[in-house]
>>> print(open('input05.txt').read())   # compact mmCIF, C-alpha atoms and all ligand atoms
# COMPACT_ATOMS: atom_id res chain seq x y z
CA MET A 1 -22.99 -10.14 -6.39
CA ASN A 2 -22.11 -6.50 -6.78
CA ILE A 3 -19.25 -5.58 -4.50
CA SER A 4 -16.92 -2.62 -4.70
CA LEU A 5 -13.38 -2.90 -3.39
CA ILE A 6 -10.26 -0.74 -3.35
CA ASP A 7 -6.81 -2.33 -3.68
CA ILE A 8 -4.60 0.02 -1.66
CA GLY A 9 -1.34 -1.71 -2.68
CA SER A 10 -0.92 -2.62 -6.35
CA ASN A 11 2.57 -2.61 -7.92
CA LEU A 12 1.19 -2.07 -11.42
CA THR A 13 4.44 -0.53 -12.64
CA HIS A 14 6.16 -3.91 -12.17
CA ASP A 15 7.72 -5.39 -15.32
CA SER A 16 5.52 -8.46 -15.11
CA PHE A 17 2.53 -6.25 -16.05
CA ALA A 18 4.25 -4.55 -18.99
CA ALA A 19 2.64 -6.76 -21.65
CA ASP A 20 -0.97 -6.81 -20.43
CA ARG A 21 -1.46 -3.96 -17.96
CA ASP A 22 -4.75 -2.78 -19.50
CA GLU A 23 -6.20 -6.29 -19.36
CA VAL A 24 -5.15 -6.60 -15.72
CA ILE A 25 -6.95 -3.33 -14.94
CA ALA A 26 -10.02 -4.49 -16.88
CA ARG A 27 -10.11 -7.85 -15.06
CA ALA A 28 -9.88 -6.06 -11.73
CA LEU A 29 -12.84 -3.83 -12.65
CA GLU A 30 -14.88 -6.87 -13.67
CA ALA A 31 -14.09 -8.49 -10.33
CA GLY A 32 -15.38 -5.42 -8.45
CA VAL A 33 -12.03 -3.76 -7.73
CA ARG A 34 -13.07 -0.24 -8.65
CA ARG A 35 -9.88 1.49 -7.58
CA GLN A 36 -6.23 0.74 -7.13
CA ILE A 37 -3.57 2.75 -5.37
CA VAL A 38 -0.44 2.10 -7.44
CA THR A 39 2.61 1.83 -5.20
CA GLY A 40 5.75 3.85 -5.88
CA ALA A 41 8.95 2.34 -4.48
CA ASP A 42 11.66 4.58 -5.95
CA LEU A 43 11.73 7.68 -8.11
CA ALA A 44 11.27 5.81 -11.40
CA SER A 45 8.32 3.70 -10.27
CA SER A 46 6.74 6.65 -8.44
CA THR A 47 6.92 8.69 -11.64
CA GLN A 48 5.51 5.85 -13.71
CA ALA A 49 2.75 5.26 -11.14
CA ALA A 50 1.74 8.95 -11.32
CA GLU A 51 1.63 8.73 -15.12
CA LEU A 52 -0.52 5.58 -15.00
CA ALA A 53 -2.88 7.22 -12.52
CA ALA A 54 -3.17 10.29 -14.74
CA ALA A 55 -4.10 8.06 -17.68
CA HIS A 56 -6.83 6.27 -15.67
CA PRO A 57 -8.35 9.08 -13.59
CA LEU A 58 -11.26 7.33 -11.87
CA ILE A 59 -9.59 3.95 -11.50
CA LEU A 60 -5.99 4.52 -10.43
CA SER A 61 -4.30 6.76 -7.88
CA SER A 62 -0.68 6.47 -6.83
CA THR A 63 1.90 6.93 -4.09
CA ALA A 64 5.36 8.50 -4.33
CA GLY A 65 8.22 7.43 -2.13
CA VAL A 66 11.36 5.43 -1.57
CA HIS A 67 11.21 1.85 -0.25
CA PRO A 68 13.74 1.08 2.50
CA HIS A 69 15.57 -1.22 0.05
CA HIS A 70 16.37 1.92 -1.99
CA ALA A 71 17.04 4.20 1.00
CA GLN A 72 20.64 4.73 -0.05
CA SER A 73 19.44 6.59 -3.15
CA PHE A 74 17.71 9.21 -1.01
CA ASP A 75 19.35 12.63 -1.40
CA THR A 76 18.34 16.27 -1.77
CA PRO A 77 17.60 16.23 -5.54
CA LEU A 78 15.49 13.08 -5.10
CA ARG A 79 13.64 14.73 -2.24
CA GLU A 80 12.76 17.66 -4.50
CA GLN A 81 11.51 15.35 -7.26
CA LEU A 82 9.35 13.44 -4.79
CA CYS A 83 7.88 16.73 -3.56
CA ASN A 84 7.08 17.68 -7.17
CA LEU A 85 5.25 14.39 -7.72
CA LEU A 86 3.36 14.89 -4.48
CA GLN A 87 1.95 18.16 -5.79
CA LEU A 88 -0.02 16.16 -8.37
CA PRO A 89 -3.65 15.44 -7.37
CA GLN A 90 -3.50 11.77 -8.39
CA VAL A 91 -0.54 11.15 -6.06
CA VAL A 92 -2.42 10.55 -2.82
CA ALA A 93 0.20 9.35 -0.32
CA VAL A 94 3.90 9.38 0.57
CA GLY A 95 5.53 5.96 0.34
CA GLU A 96 6.09 3.23 0.38
CA CYS A 97 8.53 4.20 3.08
CA GLY A 98 9.68 2.65 6.32
CA LEU A 99 12.25 0.14 7.54
CA ASP A 100 13.19 -3.34 6.33
CA TYR A 101 15.90 -5.06 8.39
CA PHE A 102 15.10 -8.48 6.89
CA ARG A 103 17.62 -8.15 4.09
CA ASN A 104 19.17 -4.75 4.77
CA PHE A 105 19.62 -3.94 1.08
CA SER A 106 20.34 -0.43 2.36
CA PRO A 107 22.21 0.02 5.66
CA PRO A 108 19.85 0.52 8.63
CA GLU A 109 21.21 4.00 9.23
CA ALA A 110 20.38 5.09 5.68
CA GLN A 111 16.95 3.50 6.05
CA ARG A 112 16.20 5.45 9.22
CA ALA A 113 17.31 8.72 7.61
CA ALA A 114 15.23 8.19 4.45
CA PHE A 115 12.22 7.16 6.54
CA ALA A 116 12.41 10.25 8.76
CA ALA A 117 12.90 12.48 5.69
CA GLN A 118 9.76 11.09 4.06
CA LEU A 119 7.72 11.55 7.23
CA GLU A 120 8.90 15.15 7.18
CA ILE A 121 7.74 15.46 3.55
CA ALA A 122 4.36 13.96 4.42
CA ALA A 123 3.90 16.54 7.17
CA GLU A 124 4.82 19.31 4.72
CA VAL A 125 2.57 18.22 1.85
CA ARG A 126 -0.24 17.12 4.20
CA LYS A 127 -0.69 13.74 2.62
CA PRO A 128 -0.86 10.40 4.48
CA VAL A 129 1.98 7.86 4.58
CA PHE A 130 2.00 4.33 3.12
CA LEU A 131 4.25 2.39 5.47
CA HIS A 132 6.43 -0.69 5.05
CA GLN A 133 8.01 -2.49 8.00
CA ARG A 134 9.80 -5.82 8.24
CA ASP A 135 11.88 -7.06 11.18
CA ALA A 136 12.21 -3.48 12.44
CA HIS A 137 9.18 -3.00 14.65
CA GLY A 138 10.96 -1.22 17.52
CA ASP A 139 12.86 1.39 15.49
CA PHE A 140 9.89 1.83 13.17
CA THR A 141 7.40 2.67 15.90
CA ALA A 142 9.96 4.89 17.68
CA ILE A 143 10.59 7.03 14.58
CA LEU A 144 6.91 7.16 13.71
CA ARG A 145 6.02 8.26 17.24
CA ASP A 146 8.26 11.33 16.85
CA TYR A 147 6.30 12.47 13.78
CA ARG A 148 2.84 11.13 14.50
CA THR A 149 1.14 14.34 15.64
CA ARG A 150 2.27 16.12 12.46
CA LEU A 151 1.05 13.43 10.06
CA THR A 152 -2.41 13.47 8.49
CA GLY A 153 -2.52 9.66 8.66
CA GLY A 154 -0.66 6.41 8.09
CA VAL A 155 -1.36 2.88 6.93
CA ALA A 156 0.81 -0.11 7.85
CA HIS A 157 0.80 -1.80 4.46
CA CYS A 158 1.05 -5.58 4.23
CA PHE A 159 0.61 -6.04 7.96
CA THR A 160 1.74 -9.56 8.90
CA GLY A 161 2.37 -9.06 12.59
CA SER A 162 1.09 -10.36 15.86
CA ARG A 163 -1.68 -9.12 18.10
CA SER A 164 0.75 -7.05 20.19
CA GLN A 165 2.26 -5.37 17.11
CA LEU A 166 -1.28 -4.61 16.01
CA GLU A 167 -1.95 -2.93 19.37
CA ASP A 168 1.21 -0.80 18.95
CA TYR A 169 0.04 0.34 15.52
CA LEU A 170 -3.49 1.08 16.70
CA ALA A 171 -2.00 3.14 19.55
CA LEU A 172 -0.32 5.21 16.82
CA ASP A 173 -3.75 5.52 15.17
CA LEU A 174 -2.56 3.70 12.04
CA TYR A 175 -4.74 1.97 9.51
CA ILE A 176 -3.94 -1.68 8.80
CA GLY A 177 -3.50 -3.03 5.26
CA VAL A 178 -4.17 -6.77 4.89
CA THR A 179 -2.87 -8.77 1.90
CA GLY A 180 -3.20 -12.37 0.73
CA TRP A 181 -0.67 -13.28 3.44
CA VAL A 182 -3.89 -13.94 5.35
CA ASN A 183 -4.71 -16.79 2.94
CA ASP A 184 -1.67 -18.75 4.06
CA GLU A 185 -2.72 -20.99 6.93
CA ARG A 186 0.84 -21.72 8.04
CA ARG A 187 2.84 -18.55 7.41
CA GLY A 188 -0.16 -16.32 8.13
CA GLN A 189 -1.06 -17.72 11.56
CA ASP A 190 -0.24 -14.56 13.53
CA LEU A 191 -2.06 -12.38 11.04
CA ARG A 192 -5.12 -14.65 10.97
CA ALA A 193 -5.29 -14.38 14.75
CA ALA A 194 -4.94 -10.59 14.63
CA VAL A 195 -7.44 -9.86 11.82
CA PRO A 196 -10.60 -10.20 13.99
CA HIS A 197 -9.13 -7.53 16.32
CA ILE A 198 -8.64 -4.85 13.67
CA PRO A 199 -11.34 -2.22 14.25
CA SER A 200 -13.72 -1.91 11.27
CA ASP A 201 -12.79 1.72 10.81
CA LYS A 202 -9.07 0.90 10.53
CA LEU A 203 -9.10 -2.00 8.05
CA MET A 204 -7.99 -1.78 4.41
CA LEU A 205 -7.30 -4.46 1.77
CA GLU A 206 -4.52 -4.90 -0.75
CA THR A 207 -3.06 -7.52 -3.07
CA ASP A 208 0.56 -6.23 -3.22
CA ALA A 209 0.41 -7.67 -6.76
CA PRO A 210 2.41 -9.13 -8.47
CA TYR A 211 3.77 -10.39 -5.13
CA LEU A 212 1.96 -12.53 -2.54
CA LEU A 213 -0.31 -14.65 -4.71
CA PRO A 214 -2.93 -16.02 -2.26
CA ARG A 215 -1.78 -19.55 -1.46
CA ASP A 216 -5.27 -21.04 -1.51
CA LEU A 217 -6.35 -19.46 -4.80
CA ALA A 218 -7.64 -22.21 -7.08
CA PRO A 219 -6.67 -22.74 -9.76
CA GLN A 220 -3.24 -21.13 -9.27
CA PRO A 221 -2.20 -19.14 -12.35
CA LYS A 222 0.75 -20.74 -14.14
CA SER A 223 2.65 -17.46 -13.99
CA ARG A 224 2.38 -17.37 -10.15
CA ARG A 225 1.69 -13.68 -10.66
CA ASN A 226 -0.74 -12.01 -8.29
CA GLU A 227 -3.28 -9.55 -9.74
CA PRO A 228 -5.53 -6.84 -8.30
CA GLY A 229 -8.48 -8.87 -9.61
CA TYR A 230 -7.84 -11.44 -6.87
CA LEU A 231 -8.69 -8.94 -4.12
CA PRO A 232 -12.25 -10.32 -3.64
CA HIS A 233 -10.67 -13.67 -2.76
CA ILE A 234 -8.66 -11.99 0.01
CA ALA A 235 -11.71 -9.99 1.13
CA ARG A 236 -13.73 -13.21 1.49
CA THR A 237 -11.08 -14.74 3.76
CA VAL A 238 -10.89 -11.59 5.87
CA ALA A 239 -14.70 -11.58 6.16
CA GLN A 240 -14.72 -15.23 7.29
CA LEU A 241 -12.05 -14.63 9.92
CA ARG A 242 -13.96 -11.63 11.24
CA GLY A 243 -17.36 -13.32 11.17
CA GLU A 244 -18.67 -10.60 8.88
CA SER A 245 -20.31 -10.68 5.48
CA LEU A 246 -18.26 -9.95 2.38
CA GLU A 247 -20.54 -6.96 1.78
CA ALA A 248 -19.81 -5.54 5.22
CA VAL A 249 -16.03 -5.88 4.73
CA ALA A 250 -16.26 -4.35 1.25
CA ALA A 251 -18.30 -1.42 2.56
CA SER A 252 -16.05 -0.63 5.53
CA THR A 253 -12.72 -1.06 3.72
CA THR A 254 -13.89 1.01 0.74
CA ARG A 255 -15.12 3.76 3.04
CA ASN A 256 -11.82 3.73 4.99
CA ALA A 257 -9.66 3.90 1.86
CA THR A 258 -11.81 6.65 0.34
CA LEU A 259 -11.48 8.77 3.46
CA PHE A 260 -7.80 7.99 4.07
CA PHE A 261 -6.59 8.72 0.53
CA ARG A 262 -9.25 11.44 0.01
CA LEU A 263 -10.39 9.71 -3.16
CA ASP A 264 -13.66 11.62 -3.30
CA LEU A 265 -11.92 14.95 -3.86
CA PRO A 266 -12.45 16.12 -7.44
CA ARG A 267 -9.22 15.95 -9.39
CA GLN A 268 -7.89 18.80 -11.43
CA GLU A 269 -7.76 16.90 -14.69
CA SER A 270 -5.88 19.73 -16.37
CA LEU A 271 -3.05 19.11 -13.93
CA SER A 272 -3.10 15.33 -14.11
CA SER A 273 -3.28 15.32 -17.91
CA ALA A 274 0.22 16.79 -17.89
CA GLY A 275 1.38 13.36 -16.84
CA ALA A 276 -0.75 11.40 -19.29
CA GLY A 277 1.10 12.30 -22.45
CA GLY A 278 4.42 13.67 -21.43
CA ARG A 279 6.92 13.57 -18.64
CA LEU A 280 6.36 14.83 -15.15
CA GLY A 281 9.40 17.06 -15.15
ZN ZN B 301 6.07 -3.12 1.12
>>> encode(input="input05.txt", output="structure tokens")
Amino acid sequence: MNISLIDIGSNLTHDSFAADRDEVIARALEAGVRRQIVTGADLASSTQAAELAAAHPLILSSTAGVHPHHAQSFDTPLREQLCNLLQLPQVVAVGECGLDYFRNFSPPEAQRAAFAAQLEIAAEVRKPVFLHQRDAHGDFTAILRDYRTRLTGGVAHCFTGSRSQLEDYLALDLYIGVTGWVNDERRGQDLRAAVPHIPSDKLMLETDAPYLLPRDLAPQPKSRRNEPGYLPHIARTVAQLRGESLEAVAASTTRNATLFFRLDLPRQESLSSAGAGGRLG
């Protein structure tokens, strides 16, 4: 079967991929994962993600942003460096950004400030936002609502919520990113119930690798490491839950991601090659 998928959330800069990153990318291609959006979570990983994307022009794109865990690091110099990264054509979205009150690695106040600042950046650079939310639904939707009309678009990455949270996100015209959380019959119950209600033109797929190894993947890799090449497994589960064919889910999610991240725009390779060999400034 010849399917073509896009993994919109791949943490390829993670240390666990340091030894075999090229093989991981090759395995993903063989499995039909034609593109990955490499997630940036702080300045270092956003820079590395942009460099990786520059080195693999038709296969990788990247995001640049500060995860709520790192919100305390957000200051004016960092803001400027993020804006510089976001000028690069391979850097297609702002994020991941948002709120995470589950562990509060950064104080909630710092999280809200860094989130609002990144929404402001997204409005300025006219790129969509890649959003992270955990245990902060109320504050998250309230802040987002303030900026929504100025944003070109947003995707709620790794959506794990209920039907009513889904409705709140759809009311904000967000796209919904579904991970292998959906393959967990116990933990993923809410999500499994919500997945059939995601409109076809709002659905995207992601592995969040190396995190969230699909629980029902057989055999389970000894490393317990998730890989972008497992995305077809997630896509098959999503298709089953929706009563659609794998081909239909592949076609709609690939179309949505291509439009959302503007992946069909020709890249200025002269610009992106600046990141391939050297530093990004
Ligand atoms: Zn996240």
>>> residues_near_ligand(input="input05.txt", ligand="ligand ZN 301 (chain B)", cutoff="8 Å", atoms="only C-alpha atoms and all ligand atoms", output="list in words")
His67, Glu96, Cys97, Leu131, His132, Gln133, His157, Cys158 and Asp208 of chain A
>>> closest_residue(input="input05.txt", among="A:Arg242, A:Lys202, A:Arg186, A:Arg27", to="Leu259 in chain A", atoms="only C-alpha atoms")
A:Lys202
>>> closest_residue(input="input05.txt", among="A:Gln81, A:Ser16, A:Thr76, A:Gln87", to="Asp42 in chain A", atoms="only C-alpha atoms")
A:Gln81
>>> residues_around(input="input05.txt", residues="Arg163 in chain A", least_positions_apart="2", cutoff="6 Å", atoms="all atoms listed in the file", output="list in words")
Gln165, Leu166 and Ala194 of chain A
>>> residues_around(input="input05.txt", residues="range 2-10 of chain A", least_positions_apart="2", cutoff="8 Å", atoms="all atoms listed in the file", output="mmCIF file with C-alpha atoms, keeping the file's coordinate frame")
data_model
loop_
_atom_site.group_PDB
_atom_site.id
_atom_site.type_symbol
_atom_site.label_atom_id
_atom_site.label_comp_id
_atom_site.auth_asym_id
_atom_site.auth_seq_id
_atom_site.Cartn_x
_atom_site.Cartn_y
_atom_site.Cartn_z
ATOM 1 C CA LEU A 12 1.190 -2.070 -11.420
ATOM 2 C CA GLY A 32 -15.380 -5.420 -8.450
ATOM 3 C CA VAL A 33 -12.030 -3.760 -7.730
ATOM 4 C CA ARG A 34 -13.070 -0.240 -8.650
ATOM 5 C CA ARG A 35 -9.880 1.490 -7.580
ATOM 6 C CA GLN A 36 -6.230 0.740 -7.130
ATOM 7 C CA ILE A 37 -3.570 2.750 -5.370
ATOM 8 C CA VAL A 38 -0.440 2.100 -7.440
ATOM 9 C CA THR A 39 2.610 1.830 -5.200
ATOM 10 C CA HIS A 157 0.800 -1.800 4.460
ATOM 11 C CA GLY A 177 -3.500 -3.030 5.260
ATOM 12 C CA MET A 204 -7.990 -1.780 4.410
ATOM 13 C CA LEU A 205 -7.300 -4.460 1.770
ATOM 14 C CA GLU A 206 -4.520 -4.900 -0.750
ATOM 15 C CA THR A 207 -3.060 -7.520 -3.070
ATOM 16 C CA ASP A 208 0.560 -6.230 -3.220
ATOM 17 C CA ALA A 209 0.410 -7.670 -6.760
ATOM 18 C CA PRO A 210 2.410 -9.130 -8.470
ATOM 19 C CA PRO A 228 -5.530 -6.840 -8.300
ATOM 20 C CA LEU A 231 -8.690 -8.940 -4.120
ATOM 21 C CA PRO A 232 -12.250 -10.320 -3.640
ATOM 22 C CA GLU A 247 -20.540 -6.960 1.780
ATOM 23 C CA ALA A 250 -16.260 -4.350 1.250
ATOM 24 C CA ALA A 251 -18.300 -1.420 2.560
ATOM 25 C CA THR A 253 -12.720 -1.060 3.720
ATOM 26 C CA THR A 254 -13.890 1.010 0.740
ATOM 27 C CA ALA A 257 -9.660 3.900 1.860
#
>>> closest_residue(input="input05.txt", among="A:Val238, A:Ser162, A:Lys222, A:Leu203", to="Asn183 in chain A", atoms="all atoms listed in the file")
A:Val238
>>> residues_around(input="input05.txt", residues="range 135-149 of chain A", least_positions_apart="3", cutoff="7 Å", atoms="all atoms listed in the file", output="PyMOL selection string")
chain A and resi 98-102+116+119
>>> atom_distance(input="input05.txt", atom1="CA of Arg262 in chain A", atom2="CA of Val91 in chain A")
10.6 Å
>>> closest_residue(input="input05.txt", among="A:Ala122, A:Leu212, A:Ile25, A:Ala114", to="Ala93 in chain A", atoms="all atoms listed in the file")
A:Ala122
>>> atom_distance(input="input05.txt", atom1="CA of Ser200 in chain A", atom2="CA of Val129 in chain A")
19.7 Å
>>> atom_distance(input="input05.txt", atom1="CA of Leu43 in chain A", atom2="CA of Leu82 in chain A")
7.1 Å
>>> closest_residue(input="input05.txt", among="A:Val155, A:Ala117, A:Ala54, A:Leu170", to="Val66 in chain A", atoms="all atoms listed in the file")
A:Ala117
>>> closest_residue(input="input05.txt", among="A:Thr47, A:Thr152, A:Gln72, A:Thr63", to="Phe260 in chain A", atoms="all atoms listed in the file")
A:Thr152
>>> residues_near_point(input="input05.txt", point="(-12.4, 8.1, -12.8)", cutoff="12 Å", atoms="only C-alpha atoms", output="ChimeraX atom specification")
/A:29,34-36,53-61,90,263-269,272
>>> residues_around(input="input05.txt", residues="Ser252 in chain A", least_positions_apart="3", cutoff="8 Å", atoms="all atoms listed in the file", output="JSON, numbers by chain")
{"A": [200, 201, 203, 248, 249, 255, 256]}
>>> decode(input="input05.txt", residues="range 71-97 of chain A", atoms="N, CA, C and O atoms", output="CSV table (one decimal), in the first residue's frame")
chain,number,residue,atom,x,y,z
A,71,ALA,N,9.2,28.2,30.3
A,71,ALA,CA,8.7,29.6,30.2
A,71,ALA,C,9.5,30.6,31.0
A,71,ALA,O,9.6,31.8,30.6
A,72,GLN,N,10.1,30.1,32.1
A,72,GLN,CA,10.9,31.1,32.9
A,72,GLN,C,12.1,31.6,32.1
A,72,GLN,O,12.6,32.7,32.5
A,73,SER,N,12.5,30.9,31.1
A,73,SER,CA,13.7,31.4,30.3
A,73,SER,C,13.3,32.4,29.3
A,73,SER,O,14.2,33.0,28.7
A,74,PHE,N,12.0,32.7,29.2
A,74,PHE,CA,11.6,33.7,28.1
A,74,PHE,C,11.9,35.1,28.5
A,74,PHE,O,11.5,35.6,29.6
A,75,ASP,N,12.8,35.8,27.7
A,75,ASP,CA,13.1,37.2,28.0
A,75,ASP,C,13.3,37.9,26.6
A,75,ASP,O,13.1,37.2,25.6
A,76,THR,N,13.7,39.1,26.7
A,76,THR,CA,13.7,39.9,25.4
A,76,THR,C,14.8,39.4,24.4
A,76,THR,O,14.5,39.2,23.2
A,77,PRO,N,16.0,39.0,24.9
A,77,PRO,CA,17.0,38.5,24.0
A,77,PRO,C,16.5,37.2,23.3
A,77,PRO,O,16.7,36.9,22.1
A,78,LEU,N,15.9,36.3,24.1
A,78,LEU,CA,15.4,35.1,23.6
A,78,LEU,C,14.3,35.3,22.5
A,78,LEU,O,14.2,34.7,21.5
A,79,ARG,N,13.4,36.3,22.8
A,79,ARG,CA,12.4,36.7,21.9
A,79,ARG,C,13.0,37.0,20.6
A,79,ARG,O,12.5,36.6,19.5
A,80,GLU,N,14.1,37.8,20.6
A,80,GLU,CA,14.7,38.3,19.3
A,80,GLU,C,15.3,37.1,18.6
A,80,GLU,O,15.2,37.0,17.3
A,81,GLN,N,15.9,36.1,19.3
A,81,GLN,CA,16.5,35.0,18.6
A,81,GLN,C,15.4,34.1,18.0
A,81,GLN,O,15.6,33.5,16.9
A,82,LEU,N,14.3,33.9,18.7
A,82,LEU,CA,13.1,33.2,18.2
A,82,LEU,C,12.6,33.9,16.9
A,82,LEU,O,12.4,33.2,15.9
A,83,CYS,N,12.5,35.2,16.9
A,83,CYS,CA,12.1,35.9,15.7
A,83,CYS,C,13.0,35.7,14.6
A,83,CYS,O,12.6,35.6,13.4
A,84,ASN,N,14.3,35.7,14.8
A,84,ASN,CA,15.3,35.4,13.8
A,84,ASN,C,15.1,34.0,13.2
A,84,ASN,O,15.1,33.9,12.0
A,85,LEU,N,14.9,33.0,14.0
A,85,LEU,CA,14.7,31.7,13.5
A,85,LEU,C,13.4,31.6,12.6
A,85,LEU,O,13.4,31.0,11.6
A,86,LEU,N,12.4,32.4,13.1
A,86,LEU,CA,11.1,32.4,12.4
A,86,LEU,C,11.2,33.1,11.0
A,86,LEU,O,10.2,33.0,10.3
A,87,GLN,N,12.3,33.8,10.8
A,87,GLN,CA,12.5,34.3,9.4
A,87,GLN,C,12.9,33.3,8.4
A,87,GLN,O,12.7,33.5,7.2
A,88,LEU,N,13.4,32.1,8.9
A,88,LEU,CA,13.9,31.1,8.0
A,88,LEU,C,12.7,30.4,7.4
A,88,LEU,O,11.7,30.1,8.1
A,89,PRO,N,12.8,30.0,6.1
A,89,PRO,CA,11.6,29.4,5.4
A,89,PRO,C,11.3,28.0,5.9
A,89,PRO,O,10.1,27.6,5.8
A,90,GLN,N,12.3,27.3,6.4
A,90,GLN,CA,12.0,25.9,6.9
A,90,GLN,C,11.3,25.9,8.3
A,90,GLN,O,10.8,24.9,8.7
A,91,VAL,N,11.3,27.1,9.0
A,91,VAL,CA,10.7,27.2,10.3
A,91,VAL,C,9.2,27.6,10.0
A,91,VAL,O,9.0,28.8,9.7
A,92,VAL,N,8.3,26.7,10.2
A,92,VAL,CA,7.0,26.9,9.6
A,92,VAL,C,5.9,27.2,10.7
A,92,VAL,O,4.8,27.5,10.3
A,93,ALA,N,6.3,27.2,12.0
A,93,ALA,CA,5.3,27.5,13.0
A,93,ALA,C,6.0,28.0,14.3
A,93,ALA,O,7.1,27.7,14.5
A,94,VAL,N,5.2,28.7,15.1
A,94,VAL,CA,5.7,29.2,16.4
A,94,VAL,C,5.2,28.1,17.4
A,94,VAL,O,4.1,27.8,17.5
A,95,GLY,N,6.2,27.7,18.2
A,95,GLY,CA,5.8,26.7,19.3
A,95,GLY,C,6.9,25.6,19.4
A,95,GLY,O,7.9,25.7,18.7
A,96,GLU,N,6.8,24.6,20.3
A,96,GLU,CA,5.5,24.5,21.0
A,96,GLU,C,5.4,25.5,22.1
A,96,GLU,O,6.3,25.8,22.8
A,97,CYS,N,4.2,26.1,22.2
A,97,CYS,CA,3.9,27.1,23.3
A,97,CYS,C,2.6,26.8,23.8
A,97,CYS,O,1.7,26.1,23.2
